[in-house]
Amino acid sequence: RELHNLGARRNLGVRMRVGTFRLALFASSAAALRVGVPALEAPRAPPPQCVGYTAALLFDCDGVIVETEELHRRAYNAAFEQFGLQVNGEQVVWETHYYDKLQNTVGGGKPKMRWHFMETCGGQWPTCTLQDAGRAPATEEEGMALIDDLQDAKTEFYKKIVDEAAEPRPGVIELMDAAIATPGLAVGICSAATRGGFERVVNSIVGRERLAKLDVIIAGDDVTRKKPDPMIYNIAAQRLGLPNHQCVVIEDSLVGLRAAVGAGMKCLITYTPSTVAEDFYGEGAAAKVPNLGVGVTVETLFGQGLPLAEIAVACRDPK
């Protein structure tokens with residue numbers, strides 16, 4: 001996998017501005033891409049205090065780097081159609097208004113599907129009319145195995161859709177490049193997406209050269225608890241050797257916001273058409289903007305090496 005291969009190149013120390021510790025951190029970040037969940041959850045000794053990091057800027061992927069939620073919805077429906085998925089004789093289709101609710105309720109693809117069947121469908125597993133001899137799962141284990149298969153199919157559809165339709169959201173690449181060039185500021189991506197779809201997006205939109213300069217990259221497969229649980233952001237801060245309150249997160253949904261707030265991090269929301277109506281300030285967002293191109297810069301988020309008390313003041317929507 002392309003992101004796994006990036007790990008070896010991190011030892012080259014693409015970003016030299018913090019010296020030898022930066023090289024060590026590249027090795028640590030590379031390990032984060034290769035190891036399983038137990039290693040990610042294991043306690044890690046904090047890095048030496050001489051490290052040049054004083055703060056971190058952490059990006060979500062879907063909805064922040066690229067507006068992918070509609071692409072995900074299309075890919076799920078393509079997978080459901082491939083399996084001939086039905087509940088009570090009706091085809092399983094996630095309409096836009098329902099998916100908007102779903103993405104603001106549950107983080108991660110597999111949890112979304114399980115929530116749909118257990119909550120929306122009243123605990124009823126679907127019948128696969130074109131797979132498994134037209135039968136429905138009889139046990140939780142069979143149901144989760146079906147979800148695994150559906151997720152695999154969805155990921156393949158998603159890759160094709162991304163290649164055809166994905167573009168970066170306004171201002172995100174410019175902000176990422178400026179952050180990478182800022183001494184003392186660590187930069188990372190923390191996505192709830194499974195690695196297969198996540199890799200396709202970041203390799204296509206962010207690019208391998210830019211990815212090699214990042215300090216931490218964590219996908220949904222690397223954590224046992226998905227957003228809105230704060231695990232992914234707690235792990236990122238731990239790997240960077242930073243207190244959580246010295247990290248700023250950029251998210252697009254309530255699920256991501258709750259994860260950031262739960263980790264004790266300031267969160268800037270860059271909302272999308274499907275999340276614009278959510279009460280982000282009521283849920284603890286430090287700022288919200290329609291996109292990062294409205295004037296969000298490193299200087300509007302950080303000052304004297306630390307997150308500002310009030311972020312994006314000049315460009316954020318009124319509180």
# chains A, B, ... in the order shown; residues from 1 in each chain; ligands from 1
>>> select_by_dssp(residues="range 177-256 of chain A", states="strand (DSSP E or B)", output="number ranges by chain")
A: 185-190, 216-218, 247-251
>>> write_last_selection(atoms="all heavy atoms", output="CSV table (one decimal), in the first residue's frame")
chain,number,residue,atom,x,y,z
A,185,LEU,N,5.5,23.5,14.6
A,185,LEU,CA,4.1,23.1,14.4
A,185,LEU,C,4.0,21.7,13.8
A,185,LEU,O,4.5,21.5,12.6
A,185,LEU,CB,3.3,24.1,13.6
A,185,LEU,CG,1.8,23.8,13.4
A,185,LEU,CD1,1.1,23.8,14.7
A,185,LEU,CD2,1.2,24.9,12.4
A,186,ALA,N,3.6,20.7,14.5
A,186,ALA,CA,3.4,19.4,13.9
A,186,ALA,C,2.1,19.4,13.1
A,186,ALA,O,1.1,20.1,13.4
A,186,ALA,CB,3.3,18.4,15.1
A,187,VAL,N,2.0,18.5,12.1
A,187,VAL,CA,0.9,18.5,11.2
A,187,VAL,C,0.5,17.0,11.0
A,187,VAL,O,1.4,16.2,10.8
A,187,VAL,CB,1.2,19.2,9.9
A,187,VAL,CG1,-0.1,19.2,9.0
A,187,VAL,CG2,1.8,20.6,10.1
A,188,GLY,N,-0.8,16.7,11.0
A,188,GLY,CA,-1.2,15.4,10.8
A,188,GLY,C,-2.6,15.2,10.2
A,188,GLY,O,-3.4,16.2,10.1
A,189,ILE,N,-3.0,14.0,9.9
A,189,ILE,CA,-4.3,13.7,9.4
A,189,ILE,C,-4.9,12.6,10.3
A,189,ILE,O,-4.2,11.6,10.5
A,189,ILE,CB,-4.3,13.2,7.9
A,189,ILE,CG1,-3.8,14.3,7.0
A,189,ILE,CG2,-5.7,12.8,7.5
A,189,ILE,CD1,-3.6,13.9,5.6
A,190,CYS,N,-6.1,12.7,10.8
A,190,CYS,CA,-6.7,11.7,11.6
A,190,CYS,C,-8.1,11.5,11.1
A,190,CYS,O,-9.0,12.3,11.3
A,190,CYS,CB,-6.8,12.2,13.1
A,190,CYS,SG,-5.2,12.5,13.9
A,216,VAL,N,2.1,12.8,11.7
A,216,VAL,CA,1.2,11.7,12.2
A,216,VAL,C,0.1,11.5,11.3
A,216,VAL,O,-0.5,12.4,10.8
A,216,VAL,CB,0.7,11.9,13.7
A,216,VAL,CG1,-0.2,13.2,13.7
A,216,VAL,CG2,0.0,10.7,14.2
A,217,ILE,N,-0.2,10.2,10.9
A,217,ILE,CA,-1.3,9.8,10.1
A,217,ILE,C,-2.0,8.6,10.7
A,217,ILE,O,-1.4,7.6,10.9
A,217,ILE,CB,-0.8,9.5,8.6
A,217,ILE,CG1,-0.1,10.6,8.0
A,217,ILE,CG2,-2.0,9.0,7.8
A,217,ILE,CD1,0.5,10.3,6.6
A,218,ILE,N,-3.3,8.8,11.0
A,218,ILE,CA,-4.0,7.7,11.6
A,218,ILE,C,-5.3,7.5,10.9
A,218,ILE,O,-6.1,8.5,10.7
A,218,ILE,CB,-4.3,8.0,13.1
A,218,ILE,CG1,-3.0,8.3,13.9
A,218,ILE,CG2,-5.0,6.8,13.8
A,218,ILE,CD1,-3.2,8.7,15.3
A,247,CYS,N,-3.2,21.2,20.7
A,247,CYS,CA,-3.6,20.8,19.4
A,247,CYS,C,-4.9,21.5,18.9
A,247,CYS,O,-5.8,21.7,19.7
A,247,CYS,CB,-3.8,19.3,19.4
A,247,CYS,SG,-2.4,18.3,20.0
A,248,VAL,N,-4.9,21.8,17.7
A,248,VAL,CA,-6.1,22.3,17.0
A,248,VAL,C,-6.6,21.3,16.0
A,248,VAL,O,-5.7,20.9,15.2
A,248,VAL,CB,-5.9,23.7,16.4
A,248,VAL,CG1,-7.1,24.2,15.6
A,248,VAL,CG2,-5.5,24.8,17.4
A,249,VAL,N,-7.9,21.0,16.0
A,249,VAL,CA,-8.4,20.1,15.0
A,249,VAL,C,-9.3,20.8,14.0
A,249,VAL,O,-10.0,21.7,14.4
A,249,VAL,CB,-9.2,19.0,15.8
A,249,VAL,CG1,-10.0,18.1,14.8
A,249,VAL,CG2,-8.3,18.2,16.7
A,250,ILE,N,-9.3,20.3,12.8
A,250,ILE,CA,-10.2,20.8,11.8
A,250,ILE,C,-11.1,19.7,11.4
A,250,ILE,O,-10.7,18.6,10.9
A,250,ILE,CB,-9.5,21.4,10.5
A,250,ILE,CG1,-8.5,22.5,10.9
A,250,ILE,CG2,-10.5,21.8,9.5
A,250,ILE,CD1,-7.8,23.1,9.8
A,251,GLU,N,-12.4,19.9,11.6
A,251,GLU,CA,-13.4,18.9,11.3
A,251,GLU,C,-14.6,19.5,10.5
A,251,GLU,O,-14.6,20.7,10.3
A,251,GLU,CB,-14.0,18.3,12.6
A,251,GLU,CG,-13.1,17.2,13.3
A,251,GLU,CD,-13.3,15.9,12.6
A,251,GLU,OE1,-14.1,15.8,11.7
A,251,GLU,OE2,-12.6,14.9,13.1
>>> closest_residue(among="A:Thr182, A:Thr127, A:Thr155, A:Thr297", to="Glu142 in chain A", atoms="only C-alpha atoms")
A:Thr127
>>> atom_distance(atom1="CA of Ala133 in chain A", atom2="CA of Ala153 in chain A")
17.9 Å
>>> residues_around(residues="range 112-114 of chain A", least_positions_apart="4", cutoff="7 Å", atoms="only C-alpha atoms", output="list in words")
Leu102, Val106, Gly107, Gly108, Met118 and Ile147 of chain A
>>> write_last_selection(atoms="all heavy atoms", output="PDB file, in the first residue's frame")
ATOM      1  N   LEU A 102     -27.086  10.285   9.276  1.00  0.00           N
ATOM      2  CA  LEU A 102     -26.226   9.167   9.671  1.00  0.00           C
ATOM      3  C   LEU A 102     -24.794   9.608   9.915  1.00  0.00           C
ATOM      4  O   LEU A 102     -24.169   9.228  10.912  1.00  0.00           O
ATOM      5  CB  LEU A 102     -26.276   8.095   8.581  1.00  0.00           C
ATOM      6  CG  LEU A 102     -25.695   6.718   8.909  1.00  0.00           C
ATOM      7  CD1 LEU A 102     -26.444   6.081  10.066  1.00  0.00           C
ATOM      8  CD2 LEU A 102     -25.763   5.823   7.673  1.00  0.00           C
ATOM      9  N   VAL A 106     -22.949   8.744  13.585  1.00  0.00           N
ATOM     10  CA  VAL A 106     -22.031   7.619  13.757  1.00  0.00           C
ATOM     11  C   VAL A 106     -20.782   7.838  12.911  1.00  0.00           C
ATOM     12  O   VAL A 106     -20.875   8.239  11.750  1.00  0.00           O
ATOM     13  CB  VAL A 106     -22.687   6.286  13.338  1.00  0.00           C
ATOM     14  CG1 VAL A 106     -21.792   5.111  13.679  1.00  0.00           C
ATOM     15  CG2 VAL A 106     -24.054   6.124  13.993  1.00  0.00           C
ATOM     16  N   GLY A 107     -19.605   7.576  13.484  1.00  0.00           N
ATOM     17  CA  GLY A 107     -18.347   7.671  12.749  1.00  0.00           C
ATOM     18  C   GLY A 107     -17.886   6.317  12.254  1.00  0.00           C
ATOM     19  O   GLY A 107     -18.022   5.316  12.948  1.00  0.00           O
ATOM     20  N   GLY A 108     -17.328   6.265  11.048  1.00  0.00           N
ATOM     21  CA  GLY A 108     -16.813   5.015  10.495  1.00  0.00           C
ATOM     22  C   GLY A 108     -17.865   4.266   9.699  1.00  0.00           C
ATOM     23  O   GLY A 108     -19.058   4.279  10.032  1.00  0.00           O
ATOM     24  N   MET A 118     -29.410  -2.061  13.108  1.00  0.00           N
ATOM     25  CA  MET A 118     -29.859  -2.272  14.484  1.00  0.00           C
ATOM     26  C   MET A 118     -30.839  -1.196  14.953  1.00  0.00           C
ATOM     27  O   MET A 118     -31.749  -1.483  15.725  1.00  0.00           O
ATOM     28  CB  MET A 118     -28.656  -2.309  15.429  1.00  0.00           C
ATOM     29  CG  MET A 118     -27.727  -3.513  15.226  1.00  0.00           C
ATOM     30  SD  MET A 118     -28.548  -5.124  15.454  1.00  0.00           S
ATOM     31  CE  MET A 118     -28.816  -5.621  13.731  1.00  0.00           C
ATOM     32  N   ILE A 147     -21.237  -7.215   7.048  1.00  0.00           N
ATOM     33  CA  ILE A 147     -20.801  -5.819   7.048  1.00  0.00           C
ATOM     34  C   ILE A 147     -19.363  -5.701   6.555  1.00  0.00           C
ATOM     35  O   ILE A 147     -19.026  -4.784   5.801  1.00  0.00           O
ATOM     36  CB  ILE A 147     -20.983  -5.209   8.444  1.00  0.00           C
ATOM     37  CG1 ILE A 147     -22.463  -4.916   8.694  1.00  0.00           C
ATOM     38  CG2 ILE A 147     -20.155  -3.927   8.603  1.00  0.00           C
ATOM     39  CD1 ILE A 147     -22.776  -4.365  10.058  1.00  0.00           C
TER      40      ILE A 147
END
>>> atom_distance(atom1="CA of Tyr281 in chain A", atom2="CA of Ile173 in chain A")
25.1 Å
>>> closest_residue(among="A:Asn234, A:Arg200, A:Val87, A:Leu306", to="Pro137 in chain A", atoms="only C-alpha atoms")
A:Val87
>>> closest_residue(among="A:Leu240, A:Val206, A:Leu292, A:Met176", to="Gly52 in chain A", atoms="only C-alpha atoms")
A:Leu240
>>> atom_distance(atom1="CA of Gly84 in chain A", atom2="CA of Gly134 in chain A")
8.6 Å
>>> residues_around(residues="Trp125 in chain A", least_positions_apart="3", cutoff="7 Å", atoms="only C-alpha atoms", output="list in words")
Phe117, Ala136, Pro137 and Gly143 of chain A
>>> write_last_selection(atoms="C-alpha atoms", output="PDB file, in the first residue's frame")
ATOM      1  CA  PHE A 117     -29.600  -2.266  10.697  1.00  0.00           C
ATOM      2  CA  ALA A 136     -30.127 -13.038   5.947  1.00  0.00           C
ATOM      3  CA  PRO A 137     -27.507 -13.394   8.701  1.00  0.00           C
ATOM      4  CA  GLY A 143     -24.123 -10.008  10.480  1.00  0.00           C
TER       5      GLY A 143
END
>>> select_by_dssp(residues="range 34-200 of chain A", states="helix (DSSP H, G or I)", output="PyMOL selection string")
chain A and resi 34+37-41+69-83+96-103+109-120+132-134+140-165+172-180+195-200
>>> closest_residue(among="A:Val223, A:Ile269, A:Gly295, A:Glu156", to="Glu283 in chain A", atoms="only C-alpha atoms")
A:Ile269
>>> closest_residue(among="A:Ala285, A:Ala75, A:Ile180, A:Ile232", to="Val162 in chain A", atoms="only C-alpha atoms")
A:Ala75
>>> closest_residue(among="A:Phe157, A:Glu141, A:Thr275, A:Glu119", to="Asn77 in chain A", atoms="only C-alpha atoms")
A:Phe157
>>> residues_around(residues="Asn244 in chain A", least_positions_apart="4", cutoff="9 Å", atoms="only C-alpha atoms", output="list in words")
Tyr233, Asn234, Ala236, Ala237, Gln238, Val248, Ala263, Gly264 and Met265 of chain A
>>> write_last_selection(atoms="C-alpha atoms", output="compact mmCIF listing (two decimals), in the first residue's frame")
# COMPACT_ATOMS: atom_id res chain seq x y z
CA TYR A 233 -7.04 12.44 18.75
CA ASN A 234 -5.69 11.24 22.09
CA ALA A 236 -2.23 11.63 17.86
CA ALA A 237 -1.30 13.94 20.74
CA GLN A 238 0.44 11.08 22.52
CA VAL A 248 -6.11 22.35 17.02
CA ALA A 263 -10.03 15.07 23.65
CA GLY A 264 -9.85 18.60 25.05
CA MET A 265 -8.74 20.17 21.76
